[in-house]
$ cat protein.pdb   # PDB, C-alpha atoms, pLDDT in the B column
ATOM      1  CA  MET A 141      97.836 129.311  29.945  1.00 98.00           C
ATOM      2  CA  ALA A 142      95.730 130.525  27.043  1.00 98.00           C
ATOM      3  CA  VAL A 143      92.479 132.491  27.373  1.00 98.00           C
ATOM      4  CA  VAL A 144      90.279 132.469  24.273  1.00 98.00           C
ATOM      5  CA  GLY A 145      87.903 135.418  24.173  1.00 97.00           C
ATOM      6  CA  ALA A 146      90.189 137.305  26.547  1.00 97.00           C
ATOM      7  CA  THR A 147      88.851 140.731  25.575  1.00 95.00           C
ATOM      8  CA  GLY A 148      85.292 139.945  26.667  1.00 94.00           C
ATOM      9  CA  GLY A 149      83.777 140.899  30.006  1.00 93.00           C
ATOM     10  CA  LEU A 150      84.371 137.541  31.681  1.00 96.00           C
ATOM     11  CA  GLY A 151      87.409 136.625  29.594  1.00 97.00           C
ATOM     12  CA  SER A 152      89.235 139.780  30.662  1.00 97.00           C
ATOM     13  CA  ALA A 153      88.314 139.199  34.311  1.00 97.00           C
ATOM     14  CA  ILE A 154      89.642 135.643  34.117  1.00 98.00           C
ATOM     15  CA  SER A 155      92.816 136.837  32.397  1.00 98.00           C
ATOM     16  CA  ARG A 156      93.469 139.446  35.074  1.00 98.00           C
ATOM     17  CA  GLU A 157      92.809 136.993  37.903  1.00 98.00           C
ATOM     18  CA  LEU A 158      95.107 134.347  36.444  1.00 98.00           C
ATOM     19  CA  ALA A 159      97.815 136.941  35.823  1.00 98.00           C
ATOM     20  CA  ARG A 160      97.459 138.137  39.426  1.00 97.00           C
ATOM     21  CA  ARG A 161      98.164 134.560  40.512  1.00 97.00           C
ATOM     22  CA  GLY A 162     101.321 134.422  38.431  1.00 97.00           C
ATOM     23  CA  ALA A 163     100.131 132.706  35.249  1.00 97.00           C
ATOM     24  CA  ARG A 164     101.955 133.334  31.972  1.00 97.00           C
ATOM     25  CA  LEU A 165      99.201 134.009  29.464  1.00 98.00           C
ATOM     26  CA  VAL A 166      98.500 133.800  25.769  1.00 98.00           C
ATOM     27  CA  LEU A 167      95.538 136.136  25.207  1.00 98.00           C
ATOM     28  CA  THR A 168      93.328 135.765  22.144  1.00 98.00           C
ATOM     29  CA  GLY A 169      90.463 137.731  20.645  1.00 96.00           C
ATOM     30  CA  ARG A 170      89.098 139.093  17.392  1.00 94.00           C
ATOM     31  CA  ASP A 171      89.639 142.804  18.065  1.00 95.00           C
ATOM     32  CA  PRO A 172      93.348 143.700  17.660  1.00 97.00           C
ATOM     33  CA  ALA A 173      93.040 147.039  19.459  1.00 97.00           C
ATOM     34  CA  ARG A 174      91.285 145.647  22.529  1.00 96.00           C
ATOM     35  CA  LEU A 175      93.664 142.691  22.580  1.00 97.00           C
ATOM     36  CA  GLN A 176      96.698 144.965  22.520  1.00 96.00           C
ATOM     37  CA  GLU A 177      95.245 147.093  25.315  1.00 97.00           C
ATOM     38  CA  LEU A 178      94.706 144.036  27.526  1.00 97.00           C
ATOM     39  CA  SER A 179      98.115 142.604  26.703  1.00 97.00           C
ATOM     40  CA  GLU A 180      99.789 145.889  27.682  1.00 96.00           C
ATOM     41  CA  ALA A 181      97.881 145.827  30.974  1.00 97.00           C
ATOM     42  CA  LEU A 182      99.233 142.335  31.713  1.00 97.00           C
ATOM     43  CA  PRO A 183     103.024 142.543  31.253  1.00 95.00           C
ATOM     44  CA  GLY A 184     104.682 139.347  30.106  1.00 95.00           C
ATOM     45  CA  SER A 185     101.624 138.046  28.285  1.00 97.00           C
ATOM     46  CA  ALA A 186     101.589 137.033  24.634  1.00 98.00           C
ATOM     47  CA  SER A 187      98.648 137.597  22.303  1.00 97.00           C
ATOM     48  CA  ALA A 188      97.157 136.251  19.090  1.00 97.00           C
ATOM     49  CA  VAL A 189      94.285 137.560  16.984  1.00 97.00           C
ATOM     50  CA  LEU A 190      92.125 134.621  15.999  1.00 96.00           C
ATOM     51  CA  ASP A 191      88.550 133.770  15.049  1.00 95.00           C
ATOM     52  CA  LEU A 192      86.700 130.677  16.250  1.00 96.00           C
ATOM     53  CA  HIS A 193      84.973 130.519  12.867  1.00 95.00           C
ATOM     54  CA  ASP A 194      88.316 129.500  11.394  1.00 96.00           C
ATOM     55  CA  PRO A 195      88.976 125.748  11.744  1.00 96.00           C
ATOM     56  CA  ASP A 196      92.699 126.515  11.785  1.00 96.00           C
ATOM     57  CA  ALA A 197      92.487 128.984  14.690  1.00 97.00           C
ATOM     58  CA  GLY A 198      93.792 126.266  16.985  1.00 98.00           C
ATOM     59  CA  ASP A 199      96.935 125.930  14.887  1.00 98.00           C
ATOM     60  CA  LEU A 200      97.597 129.648  15.374  1.00 98.00           C
ATOM     61  CA  LEU A 201      97.094 129.333  19.121  1.00 98.00           C
ATOM     62  CA  VAL A 202      99.421 126.330  19.300  1.00 98.00           C
ATOM     63  CA  ALA A 203     102.084 128.239  17.369  1.00 98.00           C
ATOM     64  CA  SER A 204     101.700 131.302  19.612  1.00 98.00           C
ATOM     65  CA  ALA A 205     101.881 129.306  22.869  1.00 98.00           C
ATOM     66  CA  THR A 206     104.871 127.324  21.656  1.00 98.00           C
ATOM     67  CA  ALA A 207     106.736 130.415  20.490  1.00 98.00           C
ATOM     68  CA  ALA A 208     106.039 132.345  23.699  1.00 98.00           C
ATOM     69  CA  PHE A 209     106.383 129.691  26.386  1.00 98.00           C
ATOM     70  CA  GLY A 210     107.200 126.350  24.765  1.00 98.00           C
ATOM     71  CA  ARG A 211     104.125 124.665  26.229  1.00 98.00           C
ATOM     72  CA  LEU A 212     100.431 124.963  27.026  1.00 98.00           C
ATOM     73  CA  ASP A 213      99.192 123.889  30.455  1.00 98.00           C
ATOM     74  CA  VAL A 214      95.680 125.343  30.492  1.00 98.00           C
ATOM     75  CA  LEU A 215      93.231 126.331  27.748  1.00 98.00           C
ATOM     76  CA  VAL A 216      90.333 128.543  28.847  1.00 98.00           C
ATOM     77  CA  ASN A 217      87.527 129.032  26.338  1.00 98.00           C
ATOM     78  CA  ALA A 218      85.678 132.190  27.419  1.00 97.00           C
ATOM     79  CA  ALA A 219      84.321 133.190  24.002  1.00 96.00           C
ATOM     80  CA  GLY A 220      80.624 133.139  23.204  1.00 95.00           C
ATOM     81  CA  ILE A 221      77.574 134.930  21.844  1.00 95.00           C
ATOM     82  CA  VAL A 222      73.898 135.064  22.794  1.00 96.00           C
ATOM     83  CA  ALA A 223      70.550 135.519  21.024  1.00 96.00           C
ATOM     84  CA  PHE A 224      66.990 135.958  22.254  1.00 96.00           C
ATOM     85  CA  GLY A 225      63.535 135.277  20.844  1.00 96.00           C
ATOM     86  CA  THR A 226      61.269 132.354  20.035  1.00 97.00           C
ATOM     87  CA  LEU A 227      62.594 129.667  17.754  1.00 97.00           C
ATOM     88  CA  ALA A 228      59.974 130.533  15.132  1.00 97.00           C
ATOM     89  CA  ASP A 229      61.279 134.087  14.942  1.00 96.00           C
ATOM     90  CA  THR A 230      64.987 133.240  15.024  1.00 97.00           C
ATOM     91  CA  PRO A 231      66.575 133.302  11.541  1.00 98.00           C
ATOM     92  CA  ASP A 232      68.457 130.232  10.356  1.00 98.00           C
ATOM     93  CA  ILE A 233      71.695 132.189  10.097  1.00 98.00           C
ATOM     94  CA  VAL A 234      71.467 133.193  13.778  1.00 98.00           C
ATOM     95  CA  ILE A 235      71.010 129.574  14.881  1.00 98.00           C
ATOM     96  CA  GLU A 236      73.963 128.578  12.713  1.00 98.00           C
ATOM     97  CA  GLU A 237      76.115 131.383  14.134  1.00 97.00           C
ATOM     98  CA  LEU A 238      75.261 130.417  17.709  1.00 98.00           C
ATOM     99  CA  PHE A 239      76.312 126.809  17.192  1.00 98.00           C
ATOM    100  CA  LEU A 240      79.417 127.722  15.216  1.00 98.00           C
ATOM    101  CA  THR A 241      80.699 130.116  17.876  1.00 97.00           C
ATOM    102  CA  ASN A 242      79.509 128.369  21.043  1.00 98.00           C
ATOM    103  CA  VAL A 243      80.019 124.703  20.114  1.00 98.00           C
ATOM    104  CA  VAL A 244      81.730 123.903  16.806  1.00 98.00           C
ATOM    105  CA  GLY A 245      84.521 126.487  17.022  1.00 98.00           C
ATOM    106  CA  PRO A 246      85.564 125.506  20.559  1.00 98.00           C
ATOM    107  CA  LEU A 247      85.720 121.836  19.531  1.00 98.00           C
ATOM    108  CA  TRP A 248      87.805 122.676  16.461  1.00 98.00           C
ATOM    109  CA  LEU A 249      90.131 124.685  18.682  1.00 98.00           C
ATOM    110  CA  LEU A 250      90.479 122.030  21.381  1.00 98.00           C
ATOM    111  CA  ARG A 251      91.141 119.307  18.821  1.00 98.00           C
ATOM    112  CA  ARG A 252      94.209 121.160  17.574  1.00 98.00           C
ATOM    113  CA  CYS A 253      95.444 122.043  21.060  1.00 98.00           C
ATOM    114  CA  LEU A 254      95.215 118.493  22.421  1.00 98.00           C
ATOM    115  CA  PRO A 255      98.804 117.440  21.614  1.00 98.00           C
ATOM    116  CA  LEU A 256     100.180 120.314  23.716  1.00 98.00           C
ATOM    117  CA  LEU A 257      97.705 119.654  26.534  1.00 98.00           C
ATOM    118  CA  GLN A 258      98.546 115.950  26.503  1.00 98.00           C
ATOM    119  CA  ALA A 259     102.252 116.750  26.687  1.00 98.00           C
ATOM    120  CA  SER A 260     101.732 118.973  29.742  1.00 98.00           C
ATOM    121  CA  GLN A 261      99.003 116.785  31.329  1.00 98.00           C
ATOM    122  CA  GLY A 262      96.997 119.994  31.262  1.00 98.00           C
ATOM    123  CA  THR A 263      93.467 121.279  31.708  1.00 98.00           C
ATOM    124  CA  VAL A 264      90.807 122.672  29.393  1.00 98.00           C
ATOM    125  CA  VAL A 265      88.198 125.019  30.882  1.00 98.00           C
ATOM    126  CA  GLN A 266      84.990 125.466  28.896  1.00 98.00           C
ATOM    127  CA  LEU A 267      82.664 128.341  29.753  1.00 98.00           C
ATOM    128  CA  SER A 268      79.136 127.025  29.351  1.00 98.00           C
ATOM    129  CA  ALA A 269      76.234 128.723  31.199  1.00 96.00           C
ATOM    130  CA  VAL A 270      73.427 128.186  33.673  1.00 96.00           C
ATOM    131  CA  VAL A 271      71.001 127.645  30.761  1.00 96.00           C
ATOM    132  CA  ALA A 272      72.714 124.289  30.146  1.00 98.00           C
ATOM    133  CA  GLU A 273      71.060 123.275  33.430  1.00 97.00           C
ATOM    134  CA  GLN A 274      67.941 125.446  33.189  1.00 95.00           C
ATOM    135  CA  PRO A 275      67.000 125.978  29.515  1.00 96.00           C
ATOM    136  CA  LEU A 276      64.596 128.858  29.079  1.00 93.00           C
ATOM    137  CA  PRO A 277      61.786 129.772  26.697  1.00 95.00           C
ATOM    138  CA  GLY A 278      62.817 132.615  24.427  1.00 95.00           C
ATOM    139  CA  MET A 279      66.391 131.324  24.589  1.00 96.00           C
ATOM    140  CA  ALA A 280      65.962 127.864  23.045  1.00 97.00           C
ATOM    141  CA  ALA A 281      68.761 128.084  20.492  1.00 97.00           C
ATOM    142  CA  TYR A 282      71.229 129.650  22.924  1.00 97.00           C
ATOM    143  CA  SER A 283      70.298 127.148  25.647  1.00 97.00           C
ATOM    144  CA  ALA A 284      70.809 124.309  23.167  1.00 98.00           C
ATOM    145  CA  THR A 285      74.350 125.477  22.362  1.00 98.00           C
ATOM    146  CA  LYS A 286      75.329 125.624  26.009  1.00 98.00           C
ATOM    147  CA  ALA A 287      73.764 122.238  26.738  1.00 98.00           C
ATOM    148  CA  ALA A 288      75.651 120.822  23.742  1.00 98.00           C
ATOM    149  CA  LEU A 289      78.948 122.243  24.993  1.00 98.00           C
ATOM    150  CA  SER A 290      78.377 120.825  28.486  1.00 98.00           C
ATOM    151  CA  ALA A 291      77.459 117.446  26.995  1.00 98.00           C
ATOM    152  CA  ALA A 292      80.677 117.465  24.983  1.00 98.00           C
ATOM    153  CA  ASP A 293      82.599 118.374  28.131  1.00 98.00           C
ATOM    154  CA  ALA A 294      81.082 115.454  30.055  1.00 98.00           C
ATOM    155  CA  ALA A 295      82.104 113.039  27.319  1.00 98.00           C
ATOM    156  CA  LEU A 296      85.542 114.606  26.911  1.00 98.00           C
ATOM    157  CA  ALA A 297      86.199 114.467  30.665  1.00 98.00           C
ATOM    158  CA  ARG A 298      86.048 110.676  30.430  1.00 97.00           C
ATOM    159  CA  GLU A 299      87.720 110.449  27.015  1.00 98.00           C
ATOM    160  CA  LEU A 300      90.673 112.700  27.810  1.00 98.00           C
ATOM    161  CA  ARG A 301      91.234 111.348  31.316  1.00 96.00           C
ATOM    162  CA  ARG A 302      92.959 108.408  29.623  1.00 95.00           C
ATOM    163  CA  VAL A 303      95.610 110.730  28.210  1.00 97.00           C
ATOM    164  CA  GLY A 304      95.995 112.867  31.310  1.00 97.00           C
ATOM    165  CA  VAL A 305      93.977 115.933  30.260  1.00 98.00           C
ATOM    166  CA  ARG A 306      91.400 117.344  32.677  1.00 98.00           C
ATOM    167  CA  VAL A 307      88.185 118.984  31.448  1.00 98.00           C
ATOM    168  CA  LEU A 308      86.479 121.576  33.645  1.00 98.00           C
ATOM    169  CA  ASP A 309      82.921 122.463  32.593  1.00 98.00           C
ATOM    170  CA  VAL A 310      81.838 125.834  34.024  1.00 98.00           C
ATOM    171  CA  ARG A 311      78.167 126.882  34.144  1.00 98.00           C
ATOM    172  CA  PRO A 312      77.998 130.263  35.883  1.00 96.00           C
ATOM    173  CA  PRO A 313      74.737 132.073  36.594  1.00 95.00           C
ATOM    174  CA  HIS A 314      73.964 135.368  34.863  1.00 92.00           C
ATOM    175  CA  THR A 315      77.030 137.574  35.187  1.00 93.00           C
ATOM    176  CA  ASN A 316      77.281 141.340  34.656  1.00 90.00           C
ATOM    177  CA  THR A 317      79.427 141.205  31.538  1.00 89.00           C
ATOM    178  CA  GLY A 318      77.091 143.203  29.297  1.00 82.00           C
ATOM    179  CA  LEU A 319      76.705 140.322  26.851  1.00 83.00           C
ATOM    180  CA  HIS A 320      72.910 140.371  27.081  1.00 81.00           C
ATOM    181  CA  GLU A 321      72.991 143.996  25.893  1.00 85.00           C
ATOM    182  CA  ARG A 322      74.716 142.953  22.642  1.00 88.00           C
ATOM    183  CA  PRO A 323      72.703 139.977  21.413  1.00 92.00           C
ATOM    184  CA  LEU A 324      73.092 138.579  17.940  1.00 91.00           C
ATOM    185  CA  HIS A 325      69.301 138.693  17.622  1.00 95.00           C
ATOM    186  CA  GLY A 326      66.267 139.846  19.595  1.00 94.00           C
ATOM    187  CA  SER A 327      66.017 141.734  22.872  1.00 91.00           C
ATOM    188  CA  PRO A 328      66.778 140.375  26.326  1.00 88.00           C
ATOM    189  CA  PRO A 329      64.101 139.689  28.917  1.00 85.00           C
ATOM    190  CA  ARG A 330      64.327 141.376  32.278  1.00 81.00           C
ATOM    191  CA  LEU A 331      67.076 139.610  34.193  1.00 79.00           C
ATOM    192  CA  SER A 332      67.841 139.331  37.864  1.00 79.00           C
ATOM    193  CA  GLU A 333      70.936 141.059  39.194  1.00 83.00           C
ATOM    194  CA  GLY A 334      74.008 139.345  37.777  1.00 90.00           C
ATOM    195  CA  LEU A 335      77.193 138.269  39.487  1.00 95.00           C
ATOM    196  CA  ASP A 336      80.384 140.327  39.566  1.00 95.00           C
ATOM    197  CA  PRO A 337      82.720 139.051  36.789  1.00 96.00           C
ATOM    198  CA  GLN A 338      85.706 139.361  39.125  1.00 97.00           C
ATOM    199  CA  GLU A 339      84.056 137.071  41.667  1.00 97.00           C
ATOM    200  CA  VAL A 340      83.174 134.546  38.954  1.00 97.00           C
ATOM    201  CA  ALA A 341      86.769 134.678  37.734  1.00 98.00           C
ATOM    202  CA  ARG A 342      88.024 134.046  41.283  1.00 98.00           C
ATOM    203  CA  VAL A 343      85.835 130.944  41.658  1.00 98.00           C
ATOM    204  CA  ILE A 344      87.061 129.613  38.303  1.00 98.00           C
ATOM    205  CA  ALA A 345      90.700 130.237  39.205  1.00 98.00           C
ATOM    206  CA  ASP A 346      90.201 128.483  42.546  1.00 98.00           C
ATOM    207  CA  ALA A 347      88.687 125.482  40.751  1.00 98.00           C
ATOM    208  CA  LEU A 348      91.712 125.284  38.477  1.00 97.00           C
ATOM    209  CA  ALA A 349      93.793 124.587  41.573  1.00 95.00           C
ATOM    210  CA  GLU A 350      91.610 121.587  42.466  1.00 96.00           C
ATOM    211  CA  PRO A 351      92.882 118.698  40.285  1.00 94.00           C
ATOM    212  CA  LYS A 352      89.889 116.444  40.955  1.00 94.00           C
ATOM    213  CA  ARG A 353      87.231 119.019  40.084  1.00 96.00           C
ATOM    214  CA  HIS A 354      85.602 118.551  36.691  1.00 97.00           C
ATOM    215  CA  GLN A 355      82.677 120.951  36.843  1.00 97.00           C
ATOM    216  CA  LEU A 356      81.422 124.168  38.363  1.00 97.00           C
ATOM    217  CA  ALA A 357      77.632 124.153  38.423  1.00 97.00           C
ATOM    218  CA  ALA A 358      75.627 127.332  38.831  1.00 96.00           C
ATOM    219  CA  ALA A 359      75.112 126.563  42.523  1.00 96.00           C
ATOM    220  CA  ASP A 360      78.887 126.439  43.064  1.00 96.00           C
ATOM    221  CA  PHE A 361      79.027 130.200  42.563  1.00 95.00           C
ATOM    222  CA  GLY A 362      77.225 130.753  45.842  1.00 87.00           C
ATOM    223  CA  THR A 363      73.842 131.753  44.469  1.00 61.00           C
ATOM    224  CA  THR A 364      70.642 130.072  43.369  1.00 45.00           C
ATOM    225  CA  SER A 365      69.763 132.853  40.932  1.00 43.00           C
ATOM    226  CA  SER A 366      69.494 132.103  37.238  1.00 43.00           C
ATOM    227  CA  THR A 367      69.021 133.927  33.992  1.00 45.00           C
ATOM    228  CA  ALA A 368      65.287 133.383  34.278  1.00 45.00           C
ATOM    229  CA  PRO A 369      63.356 136.414  33.041  1.00 43.00           C
ATOM    230  CA  THR A 370      60.720 138.041  35.149  1.00 41.00           C
ATOM    231  CA  SER A 371      58.643 138.424  32.007  1.00 37.00           C
ATOM    232  CA  THR A 372      58.803 137.031  28.487  1.00 40.00           C
ATOM    233  CA  SER A 373      56.178 139.296  26.956  1.00 35.00           C
ATOM    234  CA  SER A 374      58.638 142.077  26.191  1.00 36.00           C
ATOM    235  CA  GLN A 375      60.991 139.963  24.073  1.00 38.00           C
ATOM    236  CA  SER A 376      61.587 141.363  20.621  1.00 38.00           C
ATOM    237  CA  THR A 377      61.424 139.105  17.596  1.00 36.00           C
ATOM    238  CA  SER A 378      63.093 141.554  15.275  1.00 37.00           C
ATOM    239  CA  SER A 379      66.346 140.354  13.747  1.00 36.00           C
ATOM    240  CA  GLN A 380      69.666 142.113  13.982  1.00 39.00           C
ATOM    241  CA  SER A 381      72.248 141.851  11.257  1.00 38.00           C
ATOM    242  CA  THR A 382      74.936 139.308  12.043  1.00 39.00           C
ATOM    243  CA  SER A 383      77.567 141.285  10.169  1.00 35.00           C
ATOM    244  CA  GLY A 384      80.225 142.866  12.315  1.00 35.00           C
ATOM    245  CA  GLN A 385      79.214 140.990  15.456  1.00 38.00           C
ATOM    246  CA  SER A 386      82.124 140.184  17.726  1.00 37.00           C
ATOM    247  CA  THR A 387      82.150 136.506  18.653  1.00 38.00           C
ATOM    248  CA  GLU A 388      85.673 135.605  19.708  1.00 38.00           C
ATOM    249  CA  GLY A 389      85.947 138.610  21.923  1.00 35.00           C
ATOM    250  CA  ALA A 390      82.412 138.529  23.274  1.00 39.00           C
ATOM    251  CA  PRO A 391      81.942 137.979  26.993  1.00 35.00           C
ATOM    252  CA  HIS A 392      79.979 135.096  28.475  1.00 43.00           C
ATOM    253  CA  GLU A 393      76.864 135.015  30.545  1.00 40.00           C
TER     254      GLU A 393
END
$ encode --input "protein.pdb" --output "structure tokens"
Amino acid sequence: MAVVGATGGLGSAISRELARRGARLVLTGRDPARLQELSEALPGSASAVLDLHDPDAGDLLVASATAAFGRLDVLVNAAGIVAFGTLADTPDIVIEELFLTNVVGPLWLLRRCLPLLQASQGTVVQLSAVVAEQPLPGMAAYSATKAALSAADAALARELRRVGVRVLDVRPPHTNTGLHERPLHGSPPRLSEGLDPQEVARVIADALAEPKRHQLAAADFGTTSSTAPTSTSSQSTSSQSTSGQSTEGAPHE
């Protein structure tokens, strides 16, 4: 199994839960130090530093999985970034970065991993978000990326079924990963209490063991809460620099 974005809040929780269940893991992220720390905490795992902005990142992952284990049964994409603010106040570069990291990069990666997944009749798990179901004002660009990823997953579930690859689209409610505290742009609204990442990871791992399951909607996590803000008036429209932002290793909401 490979976990992309393994050093993030949810990615690390998923990695630890899968390892607890006996999975042999290839861990990936952008931060070499954090990746090494996680890999040392999960004996027997392999690791690869890669960036979803690189179209060839999938080739590196394929090479790493093949060298370590000779196959790839499951690909978990847990990488992602978030931004807040009205569309009018969101810089073009932020919108581009959101789509590159949350949609384009994962599709590039999956495209290159498909031969291994076809050979193993494996599964791809895509971490979308509740905003794919409930898009919110002040989060239009971010919501659009998650809706796009879920739409791709729905199409791919039917497309890849013909070659024996399962697609699991996961749309968890707000989770306490800390991602909203490190937005690419803007300031977060007030959010309801988030879910425990370990519990979210457990639900995802359980779903992996259900061959006929192709999605985990927000309601499947045992709560009706969403990322809906209690107020939108406090949202900041000031831009943050996109330089130095961690995307591959960022946790998911």
$ atom_distance --input "protein.pdb" --atom1 "CA of Gly169 in chain A" --atom2 "CA of Arg330 in chain A"
28.8 Å
$ closest_residue --input "protein.pdb" --among "A:Pro246, A:Pro328, A:Pro323, A:Pro277" --to "Leu289 in chain A" --atoms "all atoms listed in the file"
A:Pro246
$ atom_distance --input "protein.pdb" --atom1 "CA of Arg311 in chain A" --atom2 "CA of Leu249 in chain A"
19.7 Å
$ closest_residue --input "protein.pdb" --among "A:Arg211, A:His193, A:His320, A:Arg252" --to "Ser332 in chain A" --atoms "only C-alpha atoms"
A:His320
$ residues_around --input "protein.pdb" --residues "Gln355 in chain A" --least-positions-apart "3" --cutoff "6 Å" --atoms "all atoms listed in the file" --output "ChimeraX atom specification"
/A:308-310
$ residues_near_point --input "protein.pdb" --point "(75.5, 133.3, 22.5)" --cutoff "9 Å" --atoms "only C-alpha atoms" --output "VMD selection string"
chain A and resid 219 to 224 237 to 239 241 to 242 281 to 283 285 to 286 319 to 320 323 to 324 387 390 392 to 393
$ closest_residue --input "protein.pdb" --among "A:Ala349, A:Val144, A:Leu300, A:Ala358" --to "Arg251 in chain A" --atoms "only C-alpha atoms"
A:Leu300
$ closest_residue --input "protein.pdb" --among "A:Ser290, A:Val265, A:Leu331, A:Ala284" --to "Val305 in chain A" --atoms "all atoms listed in the file"
A:Val265
$ atom_distance --input "protein.pdb" --atom1 "CA of Leu212 in chain A" --atom2 "CA of Ala297 in chain A"
18.1 Å
$ residues_around --input "protein.pdb" --residues "range 151-160 of chain A" --least-positions-apart "3" --cutoff "9 Å" --atoms "all atoms listed in the file" --output "JSON, numbers by chain"
{"A": [141, 142, 143, 144, 145, 146, 147, 148, 163, 164, 165, 167, 178, 181, 182, 183, 185, 216, 217, 218, 219, 337, 338, 339, 340, 341, 342, 344, 345, 389, 390, 391, 392]}
$ resolve_selection --input "protein.pdb" --expression "the PyMOL selection byres ((chain A and resi 257) around 9)" --output "ChimeraX atom specification"
/A:211-215,253-256,258-264,304-305
$ resolve_selection --input "protein.pdb" --expression "the PyMOL selection byres ((chain A and resi 208) around 10)" --output "list in words"
Arg164, Leu165, Val166, Gly184, Ser185, Ala186, Ser187, Val202, Ala203, Ser204, Ala205, Thr206, Ala207, Phe209, Gly210, Arg211 and Leu212 of chain A
$ closest_residue --input "protein.pdb" --among "A:Leu348, A:Leu192, A:Ala197, A:Ala272" --to "Ala291 in chain A" --atoms "all atoms listed in the file"
A:Ala272
$ closest_residue --input "protein.pdb" --among "A:Ile235, A:Val343, A:Leu150, A:Ala173" --to "Ala280 in chain A" --atoms "only C-alpha atoms"
A:Ile235
$ build_atoms --input "protein.pdb" --residues "range 145-158 of chain A" --atoms "N, CA, C and O atoms" --output "short mmCIF file (atom, residue, chain, number, x, y, z; two decimals), in the coordinates of the input"
data_model
loop_
_atom_site.label_atom_id
_atom_site.label_comp_id
_atom_site.auth_asym_id
_atom_site.auth_seq_id
_atom_site.Cartn_x
_atom_site.Cartn_y
_atom_site.Cartn_z
N GLY A 145 88.94 134.45 23.85
CA GLY A 145 87.90 135.42 24.17
C GLY A 145 88.34 136.30 25.34
O GLY A 145 87.53 136.73 26.15
N ALA A 146 89.64 136.59 25.40
CA ALA A 146 90.19 137.30 26.55
C ALA A 146 89.74 138.75 26.64
O ALA A 146 89.85 139.36 27.71
N THR A 147 89.25 139.32 25.54
CA THR A 147 88.85 140.73 25.58
C THR A 147 87.40 140.92 26.00
O THR A 147 86.94 142.06 26.12
N GLY A 148 86.67 139.84 26.22
CA GLY A 148 85.29 139.94 26.67
C GLY A 148 85.20 140.27 28.15
O GLY A 148 86.19 140.27 28.88
N GLY A 149 83.99 140.52 28.62
CA GLY A 149 83.78 140.90 30.01
C GLY A 149 84.27 139.86 30.99
O GLY A 149 84.97 140.19 31.96
N LEU A 150 83.92 138.60 30.78
CA LEU A 150 84.37 137.54 31.68
C LEU A 150 85.78 137.08 31.31
O LEU A 150 86.59 136.78 32.19
N GLY A 151 86.08 137.03 30.02
CA GLY A 151 87.41 136.62 29.59
C GLY A 151 88.49 137.54 30.14
O GLY A 151 89.55 137.08 30.57
N SER A 152 88.23 138.84 30.14
CA SER A 152 89.24 139.78 30.66
C SER A 152 89.37 139.64 32.17
O SER A 152 90.48 139.74 32.72
N ALA A 153 88.25 139.39 32.86
CA ALA A 153 88.31 139.20 34.31
C ALA A 153 89.11 137.94 34.65
O ALA A 153 89.92 137.94 35.60
N ILE A 154 88.89 136.88 33.90
CA ILE A 154 89.64 135.64 34.12
C ILE A 154 91.13 135.87 33.84
O ILE A 154 91.99 135.42 34.59
N SER A 155 91.42 136.57 32.75
CA SER A 155 92.82 136.84 32.40
C SER A 155 93.51 137.61 33.51
O SER A 155 94.65 137.29 33.90
N ARG A 156 92.86 138.63 34.02
CA ARG A 156 93.47 139.45 35.07
C ARG A 156 93.65 138.64 36.37
O ARG A 156 94.67 138.79 37.07
N GLU A 157 92.70 137.80 36.68
CA GLU A 157 92.81 136.99 37.90
C GLU A 157 93.93 135.97 37.79
O GLU A 157 94.72 135.78 38.73
N LEU A 158 94.03 135.32 36.64
CA LEU A 158 95.11 134.35 36.44
C LEU A 158 96.47 135.03 36.45
O LEU A 158 97.44 134.51 37.03
#
